[in-house]
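Colleague: Dropping a structure here in structure tokens format, bear with me for questions.
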Amino acid sequence: MAQVKLERIFKRFSASGGSSSGAAASTDTTAHADRPSVAENPSPSRPGDAIVLRGVDLTVEDGEFLVLVGSSGCGKSTLLRSIAGLETVTSGTITIGDRVVNDLPPKARNIAMVFQSYALYPHLTVYDNLAFGLRRTRGWSREEGSLKTAEASAVSANPVEPESPWWERVLVGVTRSLPAALRYKSARETAIDRRVRQVAKTLQIDRLLDRRPKQLSGGQKQRVALGRAMARNPDVFLMDEPLSNLDAKLRAETRAQIVSLQRQLGITTIYVTHDQTEAMTMGDRIAIINEGQIVQLGQPMELYRRPVNRFVASFIGSRRSRRSR
């Protein structure tokens, strides 16, 4: 769990089709090896360049559920991907907890991302999809956070031991496809097994652990994707329109489940959507984005009752907007 702070975030895509990292790319890091290289100002744009993010300033508090909402092409997914490290910002500072993460790869940021497309491995069972990240994290160990329920405490505890010796890893890999009674389990693999089953029970997918993704419904696939993110107990959850592939009824059910889980785990969550209903019913606060800028930031009813301009009023569906038509 951690605070996320964005300061003066600019993102530009160059006319040549590449992504411009601005002055940060040309900074002499030799003289500043003790601190991350951060561009203070965006470099001049060239004709044809597309500026996607325009000086975004945003602080997401520890444990907060923040929703980024806006129409297609407004820059909300680019902002989320920049926090994750999947995009390089042209300039500005991204801080997670007490670390500036501009120069860190995604795997070093201790974030977990849930995608619109689920991104499950089709050849792996549900169990192995949930365990995938844990098996590839070296020396994964974190202290248990302060959680609100006993169930959440069980899910959040991190019993995974430091990485096993090489010969144990070989035995685990070789015997993984054998019947359960014949598999070799190291202390680390035993801890991973306990963690996976705790997460699966919380998400009510414990009866699906032996199935493969093609045998699951859309809602079940989404819960597996959520479980894979939860299993690592990250500092920050990032969710990029995870419910857009579900039908209306299932979307409403999964929406409620995501909110409930976030409340239990208390993990800072940034959720991207273009659906106003999702934004109004899920977030502690909402940031409305238009043309790469945050137009208004506030609690749902604050935005509904006191929109700063007509764009916000029309987007949220305020009575004020309807009266002005």
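Following the order of the structure tokens, chains are lettered A, B, ..., residues in each are numbered from 1, and ligands are numbered from 1.
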May I have the residues within 6 Å of Ile288 (chain A) as a list in words, using only C-alpha atoms and disregarding those fewer than 6 positions away in the same chain?
Modeller: Val69, Gly70, Ile294, Val295 and Gln296 of chain A
Colleague: Need to verify the contact set: Gly55 (chain A), 6 Å, only C-alpha atoms, exclusion of same-chain residues closer than 2 positions in sequence. Can you return it as a ChimeraX atom specification?
Modeller: /A:8-10
Colleague: Only C-alpha atoms, please: the residues just picked out, written as a compact mmCIF listing (two decimals), in the first residue's frame.
Modeller:
```txt
# COMPACT_ATOMS: atom_id res chain seq x y z
CA ARG A 8 3.77 17.80 -14.16
CA ILE A 9 3.41 14.69 -16.32
CA PHE A 10 3.77 15.32 -20.06
```
Colleague: For Gly97 (chain A), which residue out of A:Arg135, A:Lys5, A:Arg228, A:Lys76 is the nearest one, using only C-alpha atoms?
Modeller: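 Distance minimum relative to Gly97 (chain A) lands on A:Lys5.
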Colleague: Mind checking DSSP for region 81-320 of chain A and telling me the alpha helix (DSSP H) residues as number ranges by chain?
Modeller: A: 81-84, 126-135, 150-156, 166-175, 187-202, 218-231, 248-265, 276-282, 300-305, 310-316, 319-320
Colleague: Mind pulling up the distance from CA of Ile258 (chain A) to CA of Ala191 (chain A)?
Modeller: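 Interatomic distance, CA of Ala191 (chain A) to CA of Ile258 (chain A): 25.2 Å.
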Colleague: Pick out the closest residue to Ala131 (chain A) from this set: A:Ala2, A:Val56, A:Val224, A:Ala180. Count only C-alpha atoms.
Modeller: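 That would be A:Val224, the residue with the smallest distance to Ala131 (chain A).
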Colleague: Have a look at A:Arg81, A:Arg194, A:Arg136, A:Lys221 and name the one nearest to Ile270 (chain A); count only C-alpha atoms.
Modeller: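 Distance minimum relative to Ile270 (chain A) lands on A:Arg81.
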Colleague: If you run DSSP on the backbone, which residues of region 55-100 of chain A are strand (DSSP E or B), as a list in words?
Modeller: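 The strand (DSSP E or B) subset of region 55-100 of chain A is Gly55, Val56, Asp57, Leu58, Thr59, Val60, Phe65, Leu66, Val67, Leu68, Val69, Ser91, Gly92, Thr93, Ile94, Thr95, Ile96, Arg99 and Val100 of chain A.
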Colleague: I need the residues from that last selection saved to file as an mmCIF file, in the first residue's frame (with N, CA and C atoms), if you can.
Modeller:
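New file selection-v1.cif:
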```cif
data_model
loop_
_atom_site.group_PDB
_atom_site.id
_atom_site.type_symbol
_atom_site.label_atom_id
_atom_site.label_comp_id
_atom_site.auth_asym_id
_atom_site.auth_seq_id
_atom_site.Cartn_x
_atom_site.Cartn_y
_atom_site.Cartn_z
ATOM 1 N N GLY A 55 0.830 18.157 -18.570
ATOM 2 C CA GLY A 55 1.085 18.684 -17.240
ATOM 3 C C GLY A 55 0.156 18.159 -16.166
ATOM 4 N N VAL A 56 -0.005 16.839 -16.095
ATOM 5 C CA VAL A 56 -0.929 16.233 -15.130
ATOM 6 C C VAL A 56 -0.306 16.240 -13.735
ATOM 7 N N ASP A 57 -1.027 16.806 -12.767
ATOM 8 C CA ASP A 57 -0.668 16.762 -11.352
ATOM 9 C C ASP A 57 -1.759 16.002 -10.610
ATOM 10 N N LEU A 58 -1.369 14.975 -9.873
ATOM 11 C CA LEU A 58 -2.364 14.138 -9.211
ATOM 12 C C LEU A 58 -1.725 13.408 -8.035
ATOM 13 N N THR A 59 -2.417 13.373 -6.908
ATOM 14 C CA THR A 59 -1.987 12.590 -5.751
ATOM 15 C C THR A 59 -3.098 11.620 -5.376
ATOM 16 N N VAL A 60 -2.757 10.340 -5.350
ATOM 17 C CA VAL A 60 -3.689 9.290 -4.936
ATOM 18 C C VAL A 60 -3.225 8.812 -3.568
ATOM 19 N N PHE A 65 -9.343 4.547 -3.577
ATOM 20 C CA PHE A 65 -9.821 4.019 -4.859
ATOM 21 C C PHE A 65 -10.128 5.230 -5.738
ATOM 22 N N LEU A 66 -9.259 5.485 -6.709
ATOM 23 C CA LEU A 66 -9.431 6.631 -7.602
ATOM 24 C C LEU A 66 -9.820 6.140 -8.990
ATOM 25 N N VAL A 67 -10.813 6.773 -9.579
ATOM 26 C CA VAL A 67 -11.251 6.427 -10.927
ATOM 27 C C VAL A 67 -10.836 7.523 -11.895
ATOM 28 N N LEU A 68 -10.168 7.141 -12.986
ATOM 29 C CA LEU A 68 -9.868 8.045 -14.088
ATOM 30 C C LEU A 68 -10.930 7.824 -15.154
ATOM 31 N N VAL A 69 -11.688 8.864 -15.479
ATOM 32 C CA VAL A 69 -12.778 8.708 -16.434
ATOM 33 C C VAL A 69 -12.677 9.782 -17.506
ATOM 34 N N SER A 91 8.178 14.099 -19.715
ATOM 35 C CA SER A 91 8.739 14.824 -18.579
ATOM 36 C C SER A 91 7.808 14.686 -17.391
ATOM 37 N N GLY A 92 8.325 15.035 -16.221
ATOM 38 C CA GLY A 92 7.547 14.951 -14.997
ATOM 39 C C GLY A 92 8.069 13.886 -14.063
ATOM 40 N N THR A 93 7.460 13.780 -12.896
ATOM 41 C CA THR A 93 7.906 12.863 -11.854
ATOM 42 C C THR A 93 6.771 11.955 -11.419
ATOM 43 N N ILE A 94 7.061 10.651 -11.350
ATOM 44 C CA ILE A 94 6.109 9.664 -10.844
ATOM 45 C C ILE A 94 6.699 9.074 -9.577
ATOM 46 N N THR A 95 5.977 9.214 -8.469
ATOM 47 C CA THR A 95 6.441 8.714 -7.184
ATOM 48 C C THR A 95 5.441 7.710 -6.642
ATOM 49 N N ILE A 96 5.921 6.532 -6.258
ATOM 50 C CA ILE A 96 5.108 5.511 -5.608
ATOM 51 C C ILE A 96 5.711 5.254 -4.236
ATOM 52 N N ARG A 99 9.488 6.390 -3.372
ATOM 53 C CA ARG A 99 10.447 6.198 -4.464
ATOM 54 C C ARG A 99 9.994 6.906 -5.733
ATOM 55 N N VAL A 100 10.904 7.633 -6.361
ATOM 56 C CA VAL A 100 10.676 8.130 -7.714
ATOM 57 C C VAL A 100 10.950 6.964 -8.656
#
```
Colleague: Could you jot down the CA of Ala231 (chain A) to CA of Leu86 (chain A) separation for me, Å, one decimal place?
Modeller: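 These two atoms are separated by 20.8 Å.
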Colleague: With distances taken over only C-alpha atoms, which of A:Ser14, A:Thr190, A:Ser71, A:Ser82 is nearest to Leu104 (chain A)?
Modeller: A:Ser82
Colleague: Using only C-alpha atoms, which of the listed residues (A:Arg251, A:Arg109, A:Lys185, A:Arg263) sits closest to Thr277 (chain A)?
Modeller: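 For Thr277 (chain A), the nearest of the given residues is A:Arg251.
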Colleague: Would you mind reading off the distance between CA of Ser117 (chain A) and CA of Arg176 (chain A), one decimal, in Å?
Modeller: 27.3 Å
Colleague: If we count only C-alpha atoms, what is near Asn129 (chain A) at a cut-off of 10 Å, once residues fewer than 6 positions away on the same chain are taken out, given as an MDAnalysis selection string?
Modeller: chainID A and resid 119:123 196 209 212:213 224:225 227:228
Colleague: Pull N, CA, C and O atoms from the residues just selected and write them as a tab-separated table (two decimals), in the first residue's frame.
Modeller:
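Result saved to part-v3.tsv:
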```
chain	number	residue	atom	x	y	z
A	119	ALA	N	-5.58	-11.20	-20.27
A	119	ALA	CA	-4.15	-11.56	-20.41
A	119	ALA	C	-3.81	-12.83	-19.63
A	119	ALA	O	-2.77	-12.89	-18.97
A	120	LEU	N	-4.67	-13.84	-19.71
A	120	LEU	CA	-4.38	-15.12	-19.07
A	120	LEU	C	-3.57	-16.01	-20.02
A	120	LEU	O	-3.70	-15.89	-21.24
A	121	TYR	N	-2.77	-16.89	-19.46
A	121	TYR	CA	-1.99	-17.82	-20.29
A	121	TYR	C	-2.88	-19.01	-20.64
A	121	TYR	O	-3.27	-19.77	-19.74
A	122	PRO	N	-3.21	-19.19	-21.91
A	122	PRO	CA	-4.21	-20.21	-22.29
A	122	PRO	C	-3.77	-21.63	-22.02
A	122	PRO	O	-4.61	-22.52	-21.85
A	123	HIS	N	-2.45	-21.90	-21.97
A	123	HIS	CA	-1.97	-23.28	-21.78
A	123	HIS	C	-1.82	-23.63	-20.30
A	123	HIS	O	-1.53	-24.79	-19.98
A	196	VAL	N	-2.06	-19.09	-3.13
A	196	VAL	CA	-2.96	-19.22	-4.27
A	196	VAL	C	-4.35	-19.67	-3.81
A	196	VAL	O	-5.37	-19.14	-4.24
A	209	LEU	N	-9.73	-24.27	-10.06
A	209	LEU	CA	-8.27	-24.21	-10.12
A	209	LEU	C	-7.67	-25.16	-11.17
A	209	LEU	O	-6.58	-24.90	-11.68
A	212	ARG	N	-8.72	-24.67	-17.52
A	212	ARG	CA	-7.94	-23.75	-18.34
A	212	ARG	C	-8.84	-22.59	-18.78
A	212	ARG	O	-10.07	-22.71	-18.77
A	213	PRO	N	-8.24	-21.47	-19.18
A	213	PRO	CA	-9.05	-20.29	-19.51
A	213	PRO	C	-10.17	-20.54	-20.50
A	213	PRO	O	-11.25	-19.94	-20.40
A	224	VAL	N	-10.04	-14.48	-12.28
A	224	VAL	CA	-8.69	-15.06	-12.29
A	224	VAL	C	-7.66	-13.96	-12.50
A	224	VAL	O	-6.61	-13.94	-11.85
A	225	ALA	N	-7.94	-13.04	-13.41
A	225	ALA	CA	-7.03	-11.92	-13.64
A	225	ALA	C	-6.87	-11.07	-12.38
A	225	ALA	O	-5.76	-10.64	-12.03
A	227	GLY	N	-7.32	-12.18	-9.33
A	227	GLY	CA	-6.61	-13.01	-8.37
A	227	GLY	C	-5.11	-13.02	-8.61
A	227	GLY	O	-4.32	-13.00	-7.66
A	228	ARG	N	-4.71	-13.05	-9.86
A	228	ARG	CA	-3.28	-13.02	-10.17
A	228	ARG	C	-2.65	-11.72	-9.68
A	228	ARG	O	-1.52	-11.70	-9.19
```
Colleague: Go through A:Asn110, A:Asn245, A:Thr175, A:Ser77 and flag the residue nearest Met230 (chain A), using only C-alpha atoms for the distances.
Modeller: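 Checking each of A:Asn110, A:Asn245, A:Thr175, A:Ser77 against Met230 (chain A), counting only C-alpha atoms, the winner is A:Asn110.
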